[in-house]
Each structure stands twice: as C-alpha cells, then as structure tokens.
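The structure file start-v5.csv is reproduced below (CSV, C-alpha atoms).
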chain,number,residue,atom,x,y,z
A,1,MET,CA,14.0,-39.2,23.1
A,2,SER,CA,13.8,-38.2,19.4
A,3,SER,CA,15.3,-40.7,16.9
A,4,GLU,CA,15.6,-38.0,14.3
A,5,ARG,CA,19.1,-38.3,12.7
A,6,PRO,CA,21.3,-35.2,13.1
A,7,PRO,CA,21.8,-33.7,9.7
A,8,GLU,CA,25.6,-33.3,9.9
A,9,THR,CA,26.0,-37.1,10.1
A,10,ALA,CA,24.8,-37.3,6.5
A,11,ALA,CA,27.1,-34.5,5.2
A,12,ALA,CA,29.9,-35.2,2.8
A,13,PRO,CA,33.4,-35.1,4.4
A,14,ALA,CA,34.2,-31.9,2.5
A,15,ALA,CA,31.2,-30.1,4.0
A,16,ARG,CA,32.3,-31.0,7.5
A,17,ARG,CA,35.7,-29.4,6.9
A,18,ILE,CA,34.3,-26.1,5.4
A,19,ALA,CA,34.2,-24.3,8.7
A,20,ARG,CA,38.0,-24.6,9.1
A,21,ARG,CA,38.9,-23.7,5.5
A,22,TRP,CA,38.8,-20.8,3.0
A,23,PRO,CA,35.1,-19.7,3.2
A,24,LEU,CA,35.5,-17.9,6.6
A,25,VAL,CA,38.6,-16.1,5.4
A,26,SER,CA,37.2,-15.1,2.0
A,27,ALA,CA,33.8,-14.1,3.4
A,28,LEU,CA,35.5,-11.9,6.1
A,29,ALA,CA,37.7,-10.4,3.4
A,30,ALA,CA,34.6,-9.6,1.2
A,31,VAL,CA,32.8,-7.9,4.1
A,32,ALA,CA,36.0,-6.0,5.0
A,33,LEU,CA,36.4,-4.8,1.4
A,34,ALA,CA,32.8,-3.5,1.4
A,35,PHE,CA,33.6,-1.5,4.6
A,36,GLY,CA,36.9,-0.4,3.1
A,37,LEU,CA,35.4,0.7,-0.2
A,38,GLY,CA,32.8,2.8,1.6
A,39,ALA,CA,35.5,4.4,3.8
A,40,LEU,CA,37.7,5.1,0.7
A,41,ILE,CA,34.8,6.7,-1.2
A,42,VAL,CA,33.6,8.9,1.7
A,43,TYR,CA,36.8,10.0,3.3
A,44,ARG,CA,38.8,10.4,0.0
A,45,ASP,CA,36.6,13.1,-1.4
A,46,ASN,CA,33.6,13.5,0.8
A,47,GLY,CA,31.6,10.9,-1.0
A,48,ARG,CA,31.9,12.5,-4.5
A,49,PRO,CA,31.7,10.1,-7.4
A,50,LEU,CA,34.9,8.4,-8.4
A,51,ARG,CA,36.1,8.7,-12.0
A,52,ILE,CA,34.6,5.3,-12.8
A,53,ASP,CA,31.3,6.3,-11.2
A,54,ALA,CA,31.0,9.4,-13.4
A,55,ALA,CA,32.1,7.7,-16.6
A,56,TRP,CA,29.6,4.8,-16.0
A,57,MET,CA,26.7,7.2,-15.2
A,58,ASP,CA,27.4,9.3,-18.3
A,59,GLU,CA,27.2,6.1,-20.4
A,60,ILE,CA,24.0,5.1,-18.7
A,61,ILE,CA,22.3,8.4,-19.2
A,62,GLU,CA,23.3,8.5,-22.8
A,63,HIS,CA,21.7,5.1,-23.6
A,64,ARG,CA,18.5,5.5,-21.6
A,65,ALA,CA,15.5,4.1,-23.5
A,66,PRO,CA,11.9,3.1,-22.5
A,67,VAL,CA,12.5,-0.6,-22.8
A,68,TRP,CA,15.4,-0.5,-20.4
A,69,GLU,CA,13.5,1.8,-18.0
A,70,TYR,CA,10.6,-0.8,-17.8
A,71,LEU,CA,13.1,-3.6,-17.0
A,72,SER,CA,14.9,-1.5,-14.4
A,73,LEU,CA,11.6,-0.5,-12.7
A,74,ALA,CA,10.6,-4.2,-12.6
A,75,MET,CA,13.9,-5.0,-10.9
A,76,ASN,CA,13.3,-2.0,-8.5
A,77,PHE,CA,10.0,-3.6,-7.5
A,78,LEU,CA,11.5,-7.1,-7.1
A,79,GLY,CA,14.4,-5.9,-5.0
A,80,ALA,CA,12.7,-3.9,-2.3
A,81,GLY,CA,9.3,-3.0,-0.9
A,82,ILE,CA,6.7,-5.5,0.0
A,83,ALA,CA,7.7,-7.9,-2.9
A,84,GLY,CA,11.4,-7.9,-2.2
A,85,VAL,CA,11.4,-7.7,1.6
A,86,VAL,CA,8.3,-9.7,2.5
A,87,VAL,CA,6.6,-11.7,-0.2
A,88,ILE,CA,9.6,-13.3,-2.0
A,89,PRO,CA,11.6,-14.2,1.2
A,90,LEU,CA,8.4,-15.7,2.8
A,91,LEU,CA,7.7,-17.8,-0.3
A,92,ILE,CA,11.3,-19.1,-0.2
A,93,LEU,CA,11.0,-19.9,3.5
A,94,ALA,CA,7.8,-21.7,3.0
A,95,ALA,CA,9.3,-23.8,0.2
A,96,PHE,CA,12.2,-24.8,2.5
A,97,LEU,CA,9.8,-25.8,5.2
A,98,LEU,CA,7.7,-27.9,2.8
A,99,LEU,CA,10.9,-29.6,1.7
A,100,ARG,CA,11.6,-30.4,5.4
A,101,ARG,CA,14.8,-28.3,5.3
A,102,LYS,CA,14.5,-26.2,8.5
A,103,TRP,CA,18.2,-25.6,8.7
A,104,ALA,CA,18.1,-24.2,5.2
A,105,ALA,CA,15.2,-22.0,6.2
A,106,GLY,CA,17.0,-20.7,9.2
A,107,TYR,CA,20.2,-20.0,7.3
A,108,PHE,CA,18.4,-18.1,4.5
A,109,LEU,CA,16.4,-16.0,7.0
A,110,THR,CA,19.4,-15.2,9.1
A,111,ALA,CA,21.6,-14.3,6.0
A,112,THR,CA,18.9,-12.0,4.6
A,113,MET,CA,18.3,-10.2,7.9
A,114,VAL,CA,22.0,-9.8,8.7
A,115,SER,CA,22.7,-8.5,5.1
A,116,SER,CA,19.8,-6.0,5.4
A,117,GLY,CA,21.0,-4.8,8.8
A,118,LEU,CA,24.6,-4.3,7.7
A,119,VAL,CA,23.3,-2.3,4.7
A,120,GLN,CA,21.6,0.1,7.0
A,121,VAL,CA,24.6,0.4,9.2
A,122,LEU,CA,26.9,1.3,6.3
A,123,LYS,CA,24.3,3.7,4.8
A,124,ASN,CA,24.2,5.6,8.1
A,125,LEU,CA,27.9,5.3,8.8
A,126,PHE,CA,29.0,6.7,5.4
A,127,GLY,CA,26.0,8.8,4.4
A,128,ARG,CA,27.0,9.1,0.8
A,129,ALA,CA,24.8,11.3,-1.4
A,130,ARG,CA,22.9,9.6,-4.2
A,131,PRO,CA,23.2,10.7,-7.8
A,132,GLU,CA,21.1,13.8,-8.8
A,133,ASP,CA,19.6,12.4,-11.9
A,134,MET,CA,17.3,9.8,-10.3
A,135,LEU,CA,14.3,8.2,-11.9
A,136,VAL,CA,12.9,6.7,-8.6
A,137,THR,CA,12.5,7.8,-5.0
A,138,SER,CA,14.9,6.2,-2.6
A,139,ASP,CA,15.8,6.5,1.1
A,140,PHE,CA,18.8,8.0,2.6
A,141,GLY,CA,22.3,6.8,1.8
A,142,SER,CA,23.7,5.7,-1.5
A,143,PHE,CA,26.5,3.3,-0.3
A,144,PRO,CA,26.0,0.4,-0.4
A,145,SER,CA,23.1,-0.7,-2.7
A,146,GLY,CA,20.5,-2.5,-0.6
A,147,HIS,CA,18.9,-4.0,-3.7
A,148,VAL,CA,22.2,-5.5,-4.9
A,149,ALA,CA,23.1,-6.7,-1.4
A,150,ASN,CA,19.8,-8.4,-1.1
A,151,ALA,CA,20.0,-9.9,-4.6
A,152,ALA,CA,23.6,-11.2,-4.0
A,153,THR,CA,22.7,-12.7,-0.6
A,154,MET,CA,19.7,-14.5,-2.0
A,155,ALA,CA,21.6,-15.7,-5.1
A,156,VAL,CA,24.5,-17.2,-3.1
A,157,CYS,CA,22.3,-18.7,-0.4
A,158,LEU,CA,20.1,-20.5,-3.0
A,159,ALA,CA,23.2,-21.6,-5.0
A,160,ILE,CA,24.7,-23.1,-1.8
A,161,LEU,CA,21.4,-24.8,-0.8
A,162,PHE,CA,20.7,-26.1,-4.3
A,163,PRO,CA,24.2,-26.7,-5.8
A,164,ARG,CA,23.4,-26.8,-9.5
A,165,VAL,CA,25.2,-24.9,-12.3
A,166,TRP,CA,22.0,-23.4,-13.5
A,167,VAL,CA,21.2,-22.0,-10.1
A,168,TRP,CA,24.6,-20.3,-9.9
A,169,LEU,CA,24.2,-18.9,-13.4
A,170,ALA,CA,20.6,-17.7,-12.7
A,171,GLY,CA,21.7,-16.1,-9.5
A,172,ALA,CA,24.7,-14.4,-11.1
A,173,LEU,CA,22.5,-13.1,-13.9
A,174,TYR,CA,19.9,-11.8,-11.5
A,175,THR,CA,22.5,-10.0,-9.4
A,176,ALA,CA,24.3,-8.5,-12.5
A,177,VAL,CA,21.0,-7.2,-13.9
A,178,MET,CA,20.1,-5.7,-10.5
A,179,MET,CA,23.5,-3.9,-10.4
A,180,VAL,CA,22.9,-2.4,-13.8
A,181,SER,CA,19.3,-1.5,-13.1
A,182,ARG,CA,20.2,0.5,-10.0
A,183,THR,CA,22.7,2.6,-11.8
A,184,TYR,CA,20.3,2.9,-14.8
A,185,LEU,CA,17.6,4.4,-12.6
A,186,GLY,CA,20.2,6.8,-11.1
A,187,ALA,CA,19.6,5.5,-7.6
A,188,HIS,CA,23.2,4.4,-7.1
A,189,TRP,CA,26.7,5.0,-8.3
A,190,LEU,CA,28.6,2.0,-9.8
A,191,THR,CA,30.8,1.6,-6.7
A,192,ASP,CA,27.6,1.5,-4.5
A,193,THR,CA,26.5,-1.6,-6.4
A,194,ILE,CA,30.0,-3.2,-6.0
A,195,GLY,CA,29.9,-2.5,-2.3
A,196,GLY,CA,26.4,-4.2,-2.1
A,197,LEU,CA,27.7,-7.2,-4.1
A,198,LEU,CA,30.7,-7.7,-1.8
A,199,LEU,CA,28.5,-7.3,1.3
A,200,GLY,CA,25.8,-9.7,0.1
A,201,VAL,CA,28.2,-12.4,-1.0
A,202,GLY,CA,30.4,-12.0,2.1
A,203,VAL,CA,27.5,-12.4,4.5
A,204,ALA,CA,26.0,-15.4,2.7
A,205,VAL,CA,29.3,-17.3,2.8
A,206,LEU,CA,30.3,-16.2,6.3
A,207,LEU,CA,27.1,-17.5,7.8
A,208,TRP,CA,27.2,-20.7,5.7
A,209,ALA,CA,30.6,-21.9,6.8
A,210,PRO,CA,29.7,-22.8,10.5
A,211,VAL,CA,26.6,-24.7,9.4
A,212,ALA,CA,27.8,-26.1,6.1
A,213,ALA,CA,27.8,-29.7,7.4
A,214,LYS,CA,24.2,-29.4,8.8
A,215,LEU,CA,23.0,-27.9,5.5
A,216,ASP,CA,24.7,-30.4,3.3
A,217,GLY,CA,23.5,-33.3,5.5
A,218,GLU,CA,19.9,-32.0,5.6
A,219,ARG,CA,19.9,-31.8,1.8
A,220,HIS,CA,20.9,-35.4,1.5
A,221,LEU,CA,18.4,-36.5,4.2
A,222,ALA,CA,15.6,-34.6,2.5
A,223,ALA,CA,16.4,-36.3,-0.8
A,224,GLN,CA,16.1,-39.7,1.0
A,225,HIS,CA,12.8,-38.9,2.8
A,226,PRO,CA,10.3,-41.7,2.5
A,227,SER,CA,7.7,-39.5,0.9
A,228,ARG,CA,10.1,-38.8,-2.0
A,229,GLY,CA,10.8,-42.5,-2.2
A,230,ARG,CA,7.1,-43.3,-2.6
A,231,ILE,CA,6.8,-40.6,-5.3
A,232,ARG,CA,9.8,-42.1,-7.2
A,233,ARG,CA,8.3,-45.6,-7.0
A,234,ARG,CA,4.9,-44.4,-8.1
A,235,ASN,CA,6.4,-42.7,-11.1
A,236,ALA,CA,8.5,-45.8,-11.9
A,237,GLY,CA,5.3,-47.8,-11.8
A,238,LYS,CA,3.6,-45.5,-14.3
A,239,ASP,CA,6.5,-45.7,-16.7
A,240,ALA,CA,6.6,-49.6,-16.6
Mind turning the file's structure into structure tokens?
Amino acid sequence: MSSERPPETAAAPAARRIARRWPLVSALAAVALAFGLGALIVYRDNGRPLRIDAAWMDEIIEHRAPVWEYLSLAMNFLGAGIAGVVVIPLLILAAFLLLRRKWAAGYFLTATMVSSGLVQVLKNLFGRARPEDMLVTSDFGSFPSGHVANAATMAVCLAILFPRVWVWLAGALYTAVMMVSRTYLGAHWLTDTIGGLLLGVGVAVLLWAPVAAKLDGERHLAAQHPSRGRIRRRNAGKDA
C-alpha cells in the first residue's frame, strides 16, 4: 500500500470549503453570461455589431500604426496555432510535472481542453460573422474569441495554482492585451472578446472549485518536498 499522503489533507481549511461556496455559483454565472451574450448578439439583430462594437472598431481602425500591428501579430501567434495550442501548454504541463504537481497538471490540461471545446461549440451555435476589415486569416465564427478564452483560462489557472499578486497582475495584463489585439487585427468585435473572457474565467473557476483542496494541499506538499529542503539547506550553507 502506498504511503503517499493525500494532498487534500495538507490543504488550508478555506480551500476545503471552496467547493461549497461562491466559486461554483460565480463560475456558472460567468459561463451562462457568455452563452447569454452570444444569444443576445445573434438573435437580436442577426449577429450584426452592437453600437459599442462599431464605435470601438472605428477607434481601432483610426489609430492603426505599424508598432501596434507588430504587437498584435505577436499576440496572434502566441494565442493560437502550434505555439498557443501545443508548445506553450506542453511547457506548462512539463513544469508542473517537474514540480511534482500532478493534480495541477491535470487541472490545467482539463481547463484548457474544456475551454477550447466550448469555444467551438459556441462558434458553431451562433455563427456570428467576423468584421470585414481583417488583417489576419481566421476560421469560422466570430463569437466568442478563442484567443481571449484561452488567455483568460490560462491566466486564471496559473493565478490559482501560484497565488501571488504578480501572477494575477501578469495574467490580467496578458488577457487585456490579447483582447485589444484581437479587435485591432479586425478578427473580432469587442463583444466577442468579452464573451471569450467570461467563458475562459468561468471554466477555470468552475473546474477549480471541486478540486481546490487537492490543489492547495499539493502546493503545500510540493513546497515541503525533501529535495527542496536539501536545496534550501545547501543555499543556507553557502551563505554562512
């Protein structure tokens, strides 16, 4: 019989109660809002841009410049294709496994897969047309933005798994820049990016709540692992 300690036994009391508290409700609300926003857009006026969409796109087109285009194209590369769908997620998974955080790896993988799957469901369900003035080639369906959903899911997952202020700030900045870049390139309307944000955040939190205790306990156990203790003692000896 394995003597490995179950991760939830090392979790803080607050983490053990999370599954019965606000995260499930708020996450379900965020996902429902994403569905509701898509339905409102499509069935209100056959998917035509809302007033806020048109106004935002006019501002974007008016202020287009090479420097912003380069940044937006870089975000386009990071958010999809081989880099965004394969390379970056695999590097993050490998890092979790090296840190002996298999629950974190499983949670991150599941959240990114569910988020990507729901994006495709909504794209095919609503079939919203993309803006005409596009600077890149994109697949079918404008709502919601898959780039933004992926960015939001990854940002929230990493902030949950590494609860530091700078991780939250970096994730928020990355997601915000991704939202702006998608509209800058004309690949999405503003409301598409809002839908992607709601979906990505909702999925990450929804899947976190049931395993919050395991993830929190695993984080504490990984920090107490003997190999880390040896490294700390070695460093202390060098400083003495």
Quick one: residues within 12 Å of Ala204 (chain A), all atoms listed in the file counted, chain neighbours fewer than 5 positions away excluded, as an MDAnalysis selection string? chainID A and resid 23:24 26:28 30:31 107:116 149:161 197:199 209:212
I'd like the neighbourhood of Leu90 (chain A) as a JSON list (two decimals) with C-alpha atoms, in the frame of the given file, where a residue qualifies if any of its atoms comes within 12 Å (using only C-alpha atoms), though same-chain residues fewer than 5 positions away should be ignored.
[["chain", "number", "residue", "atom", "x", "y", "z"],
["A", 82, "ILE", "CA", 6.70, -5.50, 0.00],
["A", 83, "ALA", "CA", 7.70, -7.90, -2.90],
["A", 84, "GLY", "CA", 11.40, -7.90, -2.20],
["A", 85, "VAL", "CA", 11.40, -7.70, 1.60],
["A", 95, "ALA", "CA", 9.30, -23.80, 0.20],
["A", 96, "PHE", "CA", 12.20, -24.80, 2.50],
["A", 97, "LEU", "CA", 9.80, -25.80, 5.20],
["A", 105, "ALA", "CA", 15.20, -22.00, 6.20],
["A", 106, "GLY", "CA", 17.00, -20.70, 9.20],
["A", 108, "PHE", "CA", 18.40, -18.10, 4.50],
["A", 109, "LEU", "CA", 16.40, -16.00, 7.00],
["A", 112, "THR", "CA", 18.90, -12.00, 4.60]]
Pull the closest atom pair for each residue of region 129-155 of chain A that gets at most 12 Å from region 59-72 of chain A, along with the distance in Å to one decimal, counting all atoms listed in the file, ordering rows by chain and then ascending residue number, as a tab-separated table.
residue	atom	partner	partner_atom	distance
A:Pro131	CA	A:Ile61	CA	11.7
A:Glu132	CA	A:Ile61	CA	11.8
A:Asp133	CA	A:Ile61	CA	8.8
A:Met134	CA	A:Ile61	CA	10.3
A:Leu135	CA	A:Glu69	CA	8.9
A:Val136	CA	A:Ser72	CA	10.2
A:His147	CA	A:Ser72	CA	11.7
Pick from A:Asp58, A:Asp192, A:Arg100, A:Gly141 nearest to Gln224 (chain A), counting only C-alpha atoms: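 For Gln224 (chain A), the nearest of the candidates is A:Arg100.
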With all atoms listed in the file as the basis for distance, which of A:Gly79, A:Pro163, A:Gly146, A:Gly186 is at the shortest distance from Asp53 (chain A)? A:Gly186
How many Å separate CA of Leu207 (chain A) from CA of Leu221 (chain A)?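 According to the coordinates, CA of Leu207 (chain A) and CA of Leu221 (chain A) are separated by 21.2 Å.
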Top pick for closest residue to Gly127 (chain A), considering A:Ala222, A:Leu215, A:Asn46, A:Ile92 and counting all atoms listed in the file: A:Asn46
